[in-house]
Amino acid sequence: MDFKNDVEALDGLQAKFKELKTEITRVIYGQDEVITQVLVTLFSRGHVLLIGVPGLAKTLLVTSIAKILGLKYNRIQFTPDLMPSDIIGTEILDKERQFKFIQGPLFANIILADEINRTPPKTQSALLEAMQERAITAAGQRFELEKPFFVLATQNPIEQEGTYPLPEAQLDRFMFSVWLDYPKFDDEITIVKNTTSNLNVDLKTVISGAEIKYFQELIRKVPINDNVLKYAVQLAAKTRPGNDLSADISNQYLKWGAGPRASQYLVLGAKTHAAVHGKYSPDIEDVKAVAPSILRHRIIKNYKAEAENISVEDIISKLL
């Protein structure tokens, strides 16, 4: 990372982003926008919630990204009987009859929280601390997690029996909520052709942990014009019913709006989106590009919206 200045470093980030996407698309087909959003989240130092029906390669996407990043990766299958100690770690009595802390799977750089809504709130809250604080408290001690620390959680939207809906406080910790849709017909032909043959793809490591941390810090230094900053904050404020900045559609159809963390993520997401697309400062179009994934899990519809079959996507579209 021997860059002469920040402009050259941003050019390096764009090149690295393209290289990452090229490598991922060797195994993931037809999910170009999803891949972009996951990588934007990574460089923004956020976490991402992937929502989609079974069979859309959510887990494969995460495992492929882990291989390309060359970081320590753990997959946690969330189940109704999973306890906080199962993911944090636990104390055991060693041969010298001393208590020794054995680290759980959360002690990694990339965590795949598979079917996160299958586990009780007690275990979800243990993950919440790690996501927010980048640290874990266990046995009266605080353990700092190694950086970068990146949580990708998956959720199945159609099967809700035996699930524990994520609390709003935890949903707010996710920078992006990304919906995966069915692939297009031509993409599905490619998927079926390649996955039913003996084709093996060996993914190469494209970026190191030190480079990721460098680029995460670089994103914070990207300048943003006051009018773009104001647009991002106003957009979040317009979702909140009952105040001076509320949009009419928010007063009509929303029960709760997005909090200040949404404003922060709109700015950070816009900076990263601009940087990976070759711009040195974000504009309003960059805010609009990241807004749906940032807002969709932060606004809560009221009964009128449910009765009139108004979707969250409709509301965000009108706000934009």
# chains A, B, ... in the order shown; residues from 1 in each chain; ligands from 1
$ select_by_dssp --residues "region 40-220 of chain A" --states "strand (DSSP E)" --output "VMD selection string"
chain A and resid 48 to 51 73 to 77 89 to 93 99 to 103 110 to 114 135 to 138 141 to 144 150 to 155 176 to 179
$ residues_around --residues "Ala9 (chain A)" --least-positions-apart "2" --cutoff "12 Å" --atoms "only C-alpha atoms" --output "compact mmCIF listing (two decimals) with C-alpha atoms, in the first residue's frame"
# COMPACT_ATOMS: atom_id res chain seq x y z
CA MET A 1 0.00 0.00 0.00
CA ASP A 2 2.71 2.38 -1.08
CA PHE A 3 0.51 5.24 -2.29
CA LYS A 4 1.87 8.76 -2.75
CA ASN A 5 -1.38 10.46 -1.71
CA ASP A 6 -5.06 9.82 -0.93
CA VAL A 7 -6.17 10.29 -4.55
CA ASP A 11 -7.62 4.75 -7.39
CA GLY A 12 -6.05 1.71 -5.73
CA LEU A 13 -9.31 1.00 -3.89
CA GLN A 14 -11.29 1.13 -7.13
CA ALA A 15 -8.85 -1.29 -8.79
CA LYS A 16 -9.01 -3.64 -5.81
CA GLU A 211 -5.29 -3.53 3.23
CA TYR A 214 -6.24 0.84 5.42
CA PHE A 215 -9.10 1.34 2.94
CA GLN A 216 -11.68 1.52 5.76
CA GLU A 217 -9.73 4.42 7.26
CA LEU A 218 -9.32 5.99 3.82
CA ILE A 219 -13.12 6.05 3.31
CA LYS A 221 -11.18 10.79 4.92
CA VAL A 222 -13.21 11.14 1.69
CA ALA A 275 -14.89 5.63 -4.13
CA VAL A 276 -15.34 2.15 -5.65
CA GLY A 278 -13.99 6.06 -9.42
CA TYR A 280 -13.29 11.25 -5.22
$ residues_around --residues "Ile136 (chain A)" --least-positions-apart "5" --cutoff "10 Å" --atoms "only C-alpha atoms" --output "ChimeraX atom specification"
/A:88-89,106-107,126-131,141-145
$ closest_residue --among "A:Lys288, A:Glu308, A:Arg97, A:Ile212" --to "Gln252 (chain A)" --atoms "only C-alpha atoms"
A:Glu308
$ atom_distance --atom1 "CA of Asn251 (chain A)" --atom2 "CA of Ser317 (chain A)"
15.4 Å
$ residues_around --residues "Lys72 (chain A)" --least-positions-apart "4" --cutoff "8 Å" --atoms "only C-alpha atoms" --output "ChimeraX atom specification"
/A:66,108-110
$ atom_distance --atom1 "CA of Ala270 (chain A)" --atom2 "CA of Pro282 (chain A)"
5.7 Å
$ residues_around --residues "Val267 (chain A)" --least-positions-apart "5" --cutoff "7 Å" --atoms "only C-alpha atoms" --output "JSON, numbers by chain"
{"A": [229, 232, 287]}
$ residues_around --residues "Ile315 (chain A)" --least-positions-apart "6" --cutoff "9 Å" --atoms "only C-alpha atoms" --output "list of chain:residue names"
A:Thr239, A:Ile249, A:Ser250, A:Tyr253, A:Leu254
$ select_by_dssp --residues "region 63-258 of chain A" --states "alpha helix (DSSP H)" --output "JSON, numbers by chain"
{"A": [63, 64, 65, 66, 67, 68, 69, 84, 85, 86, 87, 88, 121, 122, 123, 124, 125, 126, 127, 128, 129, 130, 131, 132, 133, 168, 169, 170, 171, 185, 186, 187, 188, 189, 190, 191, 192, 193, 194, 195, 209, 210, 211, 212, 213, 214, 215, 216, 217, 218, 219, 220, 221, 226, 227, 228, 229, 230, 231, 232, 233, 234, 235, 236, 237, 238, 248, 249, 250, 251, 252, 253]}
$ write_last_selection --atoms "C-alpha atoms" --output "PDB file, in the first residue's frame"
ATOM      1  CA  THR A  63     -17.759 -18.352   1.965  1.00  0.00           C
ATOM      2  CA  SER A  64     -16.411 -17.178  -1.416  1.00  0.00           C
ATOM      3  CA  ILE A  65     -15.809 -13.656  -0.066  1.00  0.00           C
ATOM      4  CA  ALA A  66     -14.032 -15.134   2.974  1.00  0.00           C
ATOM      5  CA  LYS A  67     -11.654 -17.099   0.721  1.00  0.00           C
ATOM      6  CA  ILE A  68     -10.880 -14.066  -1.442  1.00  0.00           C
ATOM      7  CA  LEU A  69     -10.213 -11.825   1.557  1.00  0.00           C
ATOM      8  CA  PRO A  84     -24.463 -17.312  24.202  1.00  0.00           C
ATOM      9  CA  SER A  85     -21.523 -19.392  25.464  1.00  0.00           C
ATOM     10  CA  ASP A  86     -21.694 -21.462  22.264  1.00  0.00           C
ATOM     11  CA  ILE A  87     -20.699 -18.431  20.196  1.00  0.00           C
ATOM     12  CA  ILE A  88     -18.698 -16.354  22.705  1.00  0.00           C
ATOM     13  CA  PRO A 121     -32.940 -13.156  21.805  1.00  0.00           C
ATOM     14  CA  LYS A 122     -30.410 -14.056  24.527  1.00  0.00           C
ATOM     15  CA  THR A 123     -27.971 -15.413  21.924  1.00  0.00           C
ATOM     16  CA  GLN A 124     -28.829 -12.684  19.417  1.00  0.00           C
ATOM     17  CA  SER A 125     -27.873 -10.067  22.036  1.00  0.00           C
ATOM     18  CA  ALA A 126     -24.462 -11.722  22.509  1.00  0.00           C
ATOM     19  CA  LEU A 127     -23.824 -11.213  18.807  1.00  0.00           C
ATOM     20  CA  LEU A 128     -25.159  -7.643  19.125  1.00  0.00           C
ATOM     21  CA  GLU A 129     -22.379  -6.631  21.534  1.00  0.00           C
ATOM     22  CA  ALA A 130     -19.706  -8.040  19.234  1.00  0.00           C
ATOM     23  CA  MET A 131     -21.168  -6.202  16.223  1.00  0.00           C
ATOM     24  CA  GLN A 132     -21.397  -2.848  17.974  1.00  0.00           C
ATOM     25  CA  GLU A 133     -18.402  -2.853  20.312  1.00  0.00           C
ATOM     26  CA  GLU A 168     -35.240  -3.403  16.042  1.00  0.00           C
ATOM     27  CA  ALA A 169     -32.147  -2.543  18.109  1.00  0.00           C
ATOM     28  CA  GLN A 170     -30.232  -5.398  16.501  1.00  0.00           C
ATOM     29  CA  LEU A 171     -31.567  -4.732  13.011  1.00  0.00           C
ATOM     30  CA  PHE A 185     -33.302 -16.995 -16.835  1.00  0.00           C
ATOM     31  CA  ASP A 186     -29.938 -16.779 -18.656  1.00  0.00           C
ATOM     32  CA  ASP A 187     -28.057 -16.557 -15.333  1.00  0.00           C
ATOM     33  CA  GLU A 188     -29.903 -19.616 -14.024  1.00  0.00           C
ATOM     34  CA  ILE A 189     -28.878 -21.576 -17.125  1.00  0.00           C
ATOM     35  CA  THR A 190     -25.223 -20.677 -16.381  1.00  0.00           C
ATOM     36  CA  ILE A 191     -25.648 -21.611 -12.696  1.00  0.00           C
ATOM     37  CA  VAL A 192     -27.188 -25.007 -13.481  1.00  0.00           C
ATOM     38  CA  LYS A 193     -24.662 -25.743 -16.236  1.00  0.00           C
ATOM     39  CA  ASN A 194     -21.640 -24.982 -14.047  1.00  0.00           C
ATOM     40  CA  THR A 195     -22.882 -26.550 -10.809  1.00  0.00           C
ATOM     41  CA  GLY A 209      -6.680  -7.731   6.377  1.00  0.00           C
ATOM     42  CA  ALA A 210      -4.158  -4.878   6.613  1.00  0.00           C
ATOM     43  CA  GLU A 211      -5.291  -3.528   3.231  1.00  0.00           C
ATOM     44  CA  ILE A 212      -8.961  -3.698   4.259  1.00  0.00           C
ATOM     45  CA  LYS A 213      -8.230  -1.718   7.440  1.00  0.00           C
ATOM     46  CA  TYR A 214      -6.244   0.840   5.416  1.00  0.00           C
ATOM     47  CA  PHE A 215      -9.099   1.341   2.941  1.00  0.00           C
ATOM     48  CA  GLN A 216     -11.683   1.522   5.759  1.00  0.00           C
ATOM     49  CA  GLU A 217      -9.728   4.422   7.262  1.00  0.00           C
ATOM     50  CA  LEU A 218      -9.321   5.988   3.818  1.00  0.00           C
ATOM     51  CA  ILE A 219     -13.123   6.055   3.311  1.00  0.00           C
ATOM     52  CA  ARG A 220     -13.486   8.184   6.464  1.00  0.00           C
ATOM     53  CA  LYS A 221     -11.176  10.787   4.917  1.00  0.00           C
ATOM     54  CA  ASP A 226     -22.488  20.106   2.536  1.00  0.00           C
ATOM     55  CA  ASN A 227     -25.443  19.787   0.157  1.00  0.00           C
ATOM     56  CA  VAL A 228     -24.929  15.995  -0.125  1.00  0.00           C
ATOM     57  CA  LEU A 229     -24.537  15.675   3.660  1.00  0.00           C
ATOM     58  CA  LYS A 230     -27.717  17.710   4.150  1.00  0.00           C
ATOM     59  CA  TYR A 231     -29.589  15.548   1.616  1.00  0.00           C
ATOM     60  CA  ALA A 232     -28.601  12.340   3.483  1.00  0.00           C
ATOM     61  CA  VAL A 233     -29.666  13.695   6.887  1.00  0.00           C
ATOM     62  CA  GLN A 234     -32.919  15.123   5.472  1.00  0.00           C
ATOM     63  CA  LEU A 235     -33.720  11.797   3.821  1.00  0.00           C
ATOM     64  CA  ALA A 236     -33.464  10.007   7.176  1.00  0.00           C
ATOM     65  CA  ALA A 237     -35.440  12.775   8.915  1.00  0.00           C
ATOM     66  CA  LYS A 238     -38.235  12.577   6.322  1.00  0.00           C
ATOM     67  CA  ASP A 248     -46.513  13.320   3.889  1.00  0.00           C
ATOM     68  CA  ILE A 249     -46.111   9.645   3.003  1.00  0.00           C
ATOM     69  CA  SER A 250     -44.289   9.049   6.321  1.00  0.00           C
ATOM     70  CA  ASN A 251     -47.066  10.689   8.353  1.00  0.00           C
ATOM     71  CA  GLN A 252     -49.597   8.635   6.445  1.00  0.00           C
ATOM     72  CA  TYR A 253     -48.011   5.181   6.386  1.00  0.00           C
TER      73      TYR A 253
END
$ atom_distance --atom1 "CA of Gly30 (chain A)" --atom2 "CA of Leu268 (chain A)"
26.1 Å
$ closest_residue --among "A:Leu112, A:Leu266, A:Ala138, A:Leu320" --to "Val62 (chain A)" --atoms "only C-alpha atoms"
A:Leu112
$ closest_atom_pairs --of "region 92-128 of chain A" --to "region 74-77 of chain A" --cutoff "6 Å" --atoms "only C-alpha atoms" --output "tab-separated table"
residue	atom	partner	partner_atom	distance
A:Pro105	CA	A:Asn74	CA	6.0
A:Ile111	CA	A:Asn74	CA	5.2
A:Leu112	CA	A:Arg75	CA	4.6
A:Ala113	CA	A:Ile76	CA	5.2
A:Asp114	CA	A:Gln77	CA	5.0
$ closest_residue --among "A:Asp244, A:Thr137, A:Met175, A:Ile207" --to "Arg261 (chain A)" --atoms "only C-alpha atoms"
A:Met175
$ residues_around --residues "Thr163 (chain A)" --least-positions-apart "3" --cutoff "10 Å" --atoms "only C-alpha atoms" --output "short mmCIF file (atom, residue, chain, number, x, y, z; two decimals) with C-alpha atoms, in the first residue's frame"
data_model
loop_
_atom_site.label_atom_id
_atom_site.label_comp_id
_atom_site.auth_asym_id
_atom_site.auth_seq_id
_atom_site.Cartn_x
_atom_site.Cartn_y
_atom_site.Cartn_z
CA THR A 79 -30.55 -22.90 16.08
CA PRO A 80 -33.21 -22.59 18.82
CA GLU A 115 -30.37 -18.16 9.73
CA ILE A 116 -29.88 -15.63 12.51
CA ASN A 117 -33.61 -15.47 13.31
CA ARG A 118 -33.65 -19.13 14.40
CA THR A 119 -31.96 -18.42 17.73
CA PRO A 120 -33.45 -16.86 20.91
CA ASN A 156 -35.14 -16.85 5.23
CA GLU A 159 -40.56 -19.79 6.77
CA GLN A 160 -41.41 -18.10 10.07
CA LEU A 166 -34.73 -9.78 15.22
#
$ closest_residue --among "A:Asp94, A:Asp32, A:Glu313, A:Glu8" --to "Lys184 (chain A)" --atoms "only C-alpha atoms"
A:Asp32
$ closest_residue --among "A:Ile300, A:Leu295, A:Ala139, A:Val178" --to "Phe99 (chain A)" --atoms "only C-alpha atoms"
A:Ala139
